[in-house]
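Read the structure below first, then the notes.
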Amino acid sequence: MTPGRIAGAQSFPPPPAAERIRLAEALRLGDAVRERVWPGWGSAPVPLLLVTDSVEYLVGHSRPSDDFRSLGPDAVIGREILARARVFEPTLLATFPAVGGIPTAVVGTAERTGKRSGAWVLAVVHEQFHQWQYSRPGYYSQVAALDLAAGDSTGRWMLDYPFPYDDALVQTALRRLATALAVPLPAPADALRHVRAARHALGRALTPPQARYLEFQLWQEGVARYVELAAARAAAEAPEPARDFRALPDYEPYATTAARLERELLSELESPALPRQRRVAFYPVGAAIARLIAPSVPDWQRRYEATPLRLDPLLEAAAAR
């Protein structure tokens with residue numbers, strides 16, 4: 001039990017059984033695949049806040065706030081669980097300094113987020129990659145140096161930045177880039193050069209601040225989406241989940257989930273809907289760029305960290321090979 005943290009006057013039930021099983025699998029899988037997918041990822045703290053309809057459950061946090069009460073070690077999860085009354089929306093899948101100023105993966109249940117159990121587990125791993133991104137030295141100062149916040153200190157600008165989503169020229173340029181990215185792997189050199197040309201054309205349709213915002217989203221959210229797919233592939237090669245996870249009614253093998261995520265990515269590239277999806281339309285584009293870079297640039301993960309908030313240098317390196 002966390003030193004000094006005792007059960008208070010308000011008591012909370014443990015998480016529902018299915019949520020404990022899913023949470024245990026998410027923690028197990030994250031530990032199993034992080035270093036395999038991305039060297040150095042395993043060093044980042046990965047506290048998690050599970051949001052149910054009335055209660056929030058905190059696991060693995062080094063500095064919980066005083067409104068949490070300990071439920072003690074959980075036999076299924078294998079870790080101490082803390083609980084408090086719900087604060088955040090139960091549909092969230094996001095990472096931000098939600099507790100104690102530490103980047104925390106804040107995740108609703110599989111049912112409330114509309115995901116099958118395996119996809120929900122991989123979404124948690126996706127959020128763990130954001131925790132690694134945020135833990136990189138200089139991350140916050142580098143983000144501030146983008147000069148995109150316009151005085152906003154809450155971070156809402158990352159969601160609400162006035163990008164020209166409704167501009168017809170930008171929509172056309174993004175569609176051309178997405179089409180160029182929907183190629184089988186390994187991509188031939190001419191396909192990479194075509195992607196690079198389409199990426200440059202999209203950049204020319206934007207002002208410098210808009211281009212910085214796009215590049216930031218491709219680097220951060222796009223690569224996290226790619227890592228989610230890479231984690232699914234790694235999970236398919238890892239030991240099977242526990243029997244109780246495999247007994248869940250919506251269980252499917254990770255190999256099946258990985259194939260479905262790959263199909264979904266290619267489908268999104270076929271018809272990006274920038275006016276409707278807004279910044280979310282950048283996620284599959286960034287993931288597909290990373291998908292091309294990964295087999296073409298052997299040290300791309302080190303270079304990704306060395307050139308923060310930008311994917312363009314890696315795309316140039318891939319196209320030049």
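Residues in the structure tokens are named by chain (A, B, ... in the order shown) and by number from 1 within that chain; ligands are numbered from 1 in the order shown.
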
Would you tabulate, counting only C-alpha atoms, all residues of stretch 70-132 of chain A that have an atom at most 9 Å from an atom of stretch 224-237 of chain A, showing the closest pair of atoms and their distance in Å to one decimal, sorted by chain then ascending number, as CSV?
residue,atom,partner,partner_atom,distance
A:Gly118,CA,A:Ala232,CA,8.8
A:Ala119,CA,A:Ala232,CA,8.7
A:Leu122,CA,A:Glu228,CA,6.0
A:Ala123,CA,A:Glu228,CA,6.9
A:Val124,CA,A:Glu228,CA,8.9
A:Val125,CA,A:Glu228,CA,6.6
A:His126,CA,A:Glu228,CA,5.1
A:Glu127,CA,A:Ala224,CA,7.8
A:Phe129,CA,A:Ala224,CA,6.2
A:His130,CA,A:Ala224,CA,6.8

I'd like the contact shell of A:Val55 - 8 Å cut-off, only C-alpha atoms, skipping same-chain residues fewer than 6 positions apart - returned as a PyMOL selection string.
chain A and resi 12+83-86

Using only C-alpha atoms, what table do you get, as a tab-separated table, when you list each residue of stretch 204-236 of chain A with an atom no more than 7 Å from stretch 263-283 of chain A, its nearest pair of atoms, and their distance in Å rounded to one decimal, rows by chain then rising number?
residue	atom	partner	partner_atom	distance
A:Gln217	CA	A:Phe282	CA	6.7
A:Leu218	CA	A:Phe282	CA	6.2
A:Glu221	CA	A:Tyr283	CA	5.6
A:Gly222	CA	A:Tyr283	CA	4.2
A:Arg225	CA	A:Tyr283	CA	6.4

Using only C-alpha atoms, please write the residues we just selected to a file, as a PDB file, in the first residue's frame.
ATOM      1  CA  GLN A 217       0.617  16.116 -35.320  1.00  0.00           C
ATOM      2  CA  LEU A 218       2.277  13.704 -37.771  1.00  0.00           C
ATOM      3  CA  GLU A 221      -0.123  11.307 -33.052  1.00  0.00           C
ATOM      4  CA  GLY A 222       0.766   9.684 -36.349  1.00  0.00           C
ATOM      5  CA  ARG A 225      -0.813   5.279 -34.247  1.00  0.00           C
TER       6      ARG A 225
END

Ranking A:Gly72, A:Ile102, A:Thr307, A:Ala318 by minimum distance to A:Val195 and counting only C-alpha atoms, which one comes first?
A:Ala318

Applying 9 Å and only C-alpha atoms, which residues near stretch 74-80 of chain A remain after dropping the ones on its own chain fewer than 5 positions away? List them as a PyMOL selection string.
chain A and resi 1-2+14+17+20-21+23-25+27-28+58-60

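Proximity of A:Leu92, A:Ala290, A:Ala187, A:Leu159 to A:Tyr304, computed with only C-alpha atoms, is greatest for A:Ala290.
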
From a backbone DSSP assignment, name each residue in stretch 2-97 of chain A labelled alpha helix (DSSP H), as a PDB file with C-alpha atoms, in the first residue's frame.
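Everything below was put into states-v1.pdb:
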ATOM      1  CA  ALA A  17     -14.345  -8.010 -13.161  1.00  0.00           C
ATOM      2  CA  ALA A  18     -14.052  -7.606 -16.940  1.00  0.00           C
ATOM      3  CA  GLU A  19     -12.292  -4.253 -16.543  1.00  0.00           C
ATOM      4  CA  ARG A  20      -9.791  -5.757 -14.096  1.00  0.00           C
ATOM      5  CA  ILE A  21      -9.046  -8.516 -16.609  1.00  0.00           C
ATOM      6  CA  ARG A  22      -8.575  -6.024 -19.462  1.00  0.00           C
ATOM      7  CA  LEU A  23      -6.451  -3.734 -17.316  1.00  0.00           C
ATOM      8  CA  ALA A  24      -4.238  -6.633 -16.214  1.00  0.00           C
ATOM      9  CA  GLU A  25      -3.736  -7.606 -19.858  1.00  0.00           C
ATOM     10  CA  ALA A  26      -2.923  -4.023 -20.888  1.00  0.00           C
ATOM     11  CA  LEU A  27      -0.250  -3.785 -18.206  1.00  0.00           C
ATOM     12  CA  ARG A  28       1.135  -7.227 -19.085  1.00  0.00           C
ATOM     13  CA  LEU A  29       1.256  -6.560 -22.792  1.00  0.00           C
ATOM     14  CA  GLY A  30       2.816  -3.124 -22.386  1.00  0.00           C
ATOM     15  CA  ASP A  31       5.606  -4.625 -20.293  1.00  0.00           C
ATOM     16  CA  ALA A  32       6.068  -7.422 -22.845  1.00  0.00           C
ATOM     17  CA  VAL A  33       6.268  -5.398 -26.070  1.00  0.00           C
ATOM     18  CA  ARG A  34       7.469  -1.848 -25.342  1.00  0.00           C
ATOM     19  CA  GLU A  35      11.186  -2.530 -25.634  1.00  0.00           C
ATOM     20  CA  ARG A  36      10.636  -4.883 -28.577  1.00  0.00           C
ATOM     21  CA  VAL A  37       8.737  -2.225 -30.495  1.00  0.00           C
TER      22      VAL A  37
END

Hey, what's within 12 Å of A:Ala149 if we count only C-alpha atoms and toss same-chain stuff fewer than 3 positions away? As a PDB file with N, CA and C atoms, in the first residue's frame, please?
ATOM      1  N   VAL A 143       7.923  21.998 -27.702  1.00  0.00           N
ATOM      2  CA  VAL A 143       6.538  22.260 -28.116  1.00  0.00           C
ATOM      3  C   VAL A 143       6.240  23.752 -28.009  1.00  0.00           C
ATOM      4  N   ALA A 144       6.694  24.387 -26.927  1.00  0.00           N
ATOM      5  CA  ALA A 144       6.473  25.830 -26.769  1.00  0.00           C
ATOM      6  C   ALA A 144       7.143  26.610 -27.888  1.00  0.00           C
ATOM      7  N   ALA A 145       8.307  26.121 -28.336  1.00  0.00           N
ATOM      8  CA  ALA A 145       9.049  26.818 -29.390  1.00  0.00           C
ATOM      9  C   ALA A 145       8.344  26.762 -30.742  1.00  0.00           C
ATOM     10  N   LEU A 146       7.348  25.896 -30.891  1.00  0.00           N
ATOM     11  CA  LEU A 146       6.563  25.896 -32.126  1.00  0.00           C
ATOM     12  C   LEU A 146       5.784  27.194 -32.297  1.00  0.00           C
ATOM     13  N   ASP A 152      -2.450  30.332 -25.054  1.00  0.00           N
ATOM     14  CA  ASP A 152      -3.151  29.269 -24.322  1.00  0.00           C
ATOM     15  C   ASP A 152      -2.143  28.463 -23.508  1.00  0.00           C
ATOM     16  N   SER A 153      -2.340  28.379 -22.203  1.00  0.00           N
ATOM     17  CA  SER A 153      -1.433  27.623 -21.337  1.00  0.00           C
ATOM     18  C   SER A 153      -2.021  26.286 -20.910  1.00  0.00           C
ATOM     19  N   THR A 154      -3.197  25.943 -21.417  1.00  0.00           N
ATOM     20  CA  THR A 154      -3.864  24.708 -21.001  1.00  0.00           C
ATOM     21  C   THR A 154      -3.541  23.522 -21.897  1.00  0.00           C
ATOM     22  N   GLY A 155      -2.963  23.756 -23.063  1.00  0.00           N
ATOM     23  CA  GLY A 155      -2.731  22.694 -24.033  1.00  0.00           C
ATOM     24  C   GLY A 155      -3.894  22.460 -24.979  1.00  0.00           C
ATOM     25  N   ARG A 156      -4.995  23.205 -24.797  1.00  0.00           N
ATOM     26  CA  ARG A 156      -6.146  23.024 -25.675  1.00  0.00           C
ATOM     27  C   ARG A 156      -5.818  23.360 -27.131  1.00  0.00           C
ATOM     28  N   TRP A 157      -4.805  24.195 -27.352  1.00  0.00           N
ATOM     29  CA  TRP A 157      -4.467  24.576 -28.721  1.00  0.00           C
ATOM     30  C   TRP A 157      -4.097  23.348 -29.551  1.00  0.00           C
ATOM     31  N   MET A 158      -3.567  22.293 -28.917  1.00  0.00           N
ATOM     32  CA  MET A 158      -3.210  21.085 -29.662  1.00  0.00           C
ATOM     33  C   MET A 158      -4.435  20.467 -30.316  1.00  0.00           C
ATOM     34  N   LEU A 159      -5.598  20.657 -29.702  1.00  0.00           N
ATOM     35  CA  LEU A 159      -6.849  20.140 -30.248  1.00  0.00           C
ATOM     36  C   LEU A 159      -7.563  21.159 -31.129  1.00  0.00           C
ATOM     37  N   ASP A 160      -7.452  22.428 -30.760  1.00  0.00           N
ATOM     38  CA  ASP A 160      -8.301  23.456 -31.348  1.00  0.00           C
ATOM     39  C   ASP A 160      -7.572  24.415 -32.287  1.00  0.00           C
ATOM     40  N   TYR A 161      -6.337  24.118 -32.631  1.00  0.00           N
ATOM     41  CA  TYR A 161      -5.580  25.040 -33.490  1.00  0.00           C
ATOM     42  C   TYR A 161      -6.369  25.310 -34.788  1.00  0.00           C
ATOM     43  N   PRO A 162      -6.420  26.567 -35.231  1.00  0.00           N
ATOM     44  CA  PRO A 162      -7.222  26.908 -36.423  1.00  0.00           C
ATOM     45  C   PRO A 162      -6.539  26.504 -37.728  1.00  0.00           C
ATOM     46  N   PRO A 209       3.214  28.578 -39.798  1.00  0.00           N
ATOM     47  CA  PRO A 209       2.647  28.027 -38.551  1.00  0.00           C
ATOM     48  C   PRO A 209       1.760  26.815 -38.806  1.00  0.00           C
ATOM     49  N   GLN A 210       0.945  26.859 -39.855  1.00  0.00           N
ATOM     50  CA  GLN A 210       0.091  25.715 -40.161  1.00  0.00           C
ATOM     51  C   GLN A 210       0.937  24.485 -40.486  1.00  0.00           C
ATOM     52  N   ARG A 212       3.896  23.853 -39.317  1.00  0.00           N
ATOM     53  CA  ARG A 212       4.473  23.355 -38.058  1.00  0.00           C
ATOM     54  C   ARG A 212       3.447  22.534 -37.279  1.00  0.00           C
ATOM     55  N   TYR A 213       2.194  22.985 -37.297  1.00  0.00           N
ATOM     56  CA  TYR A 213       1.147  22.242 -36.589  1.00  0.00           C
ATOM     57  C   TYR A 213       0.943  20.867 -37.231  1.00  0.00           C
TER      58      TYR A 213
END

List as JSON, numbers by chain the protein and nucleic acid residues near A:Glu111, meaning an atom at most 10 Å away when only C-alpha atoms are counted, but skip any in the same chain fewer than 4 places from it.
{"A": [19, 52, 90, 91, 115, 116, 117, 120]}

For the residues in the current selection, export N, CA and C atoms as a CSV table (one decimal), in the first residue's frame.
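Here's the written file out32.csv:
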chain,number,residue,atom,x,y,z
A,19,GLU,N,-13.2,-5.4,-16.4
A,19,GLU,CA,-12.3,-4.3,-16.5
A,19,GLU,C,-11.0,-4.6,-15.9
A,52,THR,N,-14.5,4.8,-15.1
A,52,THR,CA,-15.8,4.1,-15.2
A,52,THR,C,-16.9,5.2,-15.1
A,90,PRO,N,-16.0,9.3,-19.2
A,90,PRO,CA,-15.7,7.9,-19.3
A,90,PRO,C,-15.4,7.4,-20.7
A,91,THR,N,-15.4,8.4,-21.7
A,91,THR,CA,-15.1,8.0,-23.1
A,91,THR,C,-13.7,8.4,-23.5
A,115,LYS,N,-14.6,-0.1,-28.1
A,115,LYS,CA,-13.5,-0.9,-28.6
A,115,LYS,C,-13.7,-2.4,-28.1
A,116,ARG,N,-13.3,-3.3,-28.9
A,116,ARG,CA,-13.2,-4.7,-28.5
A,116,ARG,C,-12.0,-4.8,-27.5
A,117,SER,N,-12.0,-5.9,-26.7
A,117,SER,CA,-11.0,-6.0,-25.7
A,117,SER,C,-9.5,-5.8,-26.2
A,120,TRP,N,-8.8,-2.3,-27.3
A,120,TRP,CA,-8.7,-1.4,-26.1
A,120,TRP,C,-7.4,-1.6,-25.4

Per DSSP on the backbone, filter stretch 72-248 of chain A down to the residues in strand (DSSP E) and report them as a list of chain:residue names.
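Filtering stretch 72-248 of chain A down to strand (DSSP E) leaves A:Gly72, A:Pro73, A:Glu80, A:Ile81, A:Leu82, A:Ala83, A:Arg84, A:Ala85, A:Leu93, A:Ala94, A:Thr95, A:Phe96, A:Pro97, A:Ala98, A:Val99, A:Ile102, A:Pro103, A:Thr104, A:Ala105, A:Val106, A:Val107, A:Gly108.
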
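Atom CA of A:Gln128 lies 8.5 Å from atom CA of A:Pro47.
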
Rounded to one decimal in Å, what is the spacing between atom CA of A:Val170 and atom CA of A:Ala205?
5.9 Å
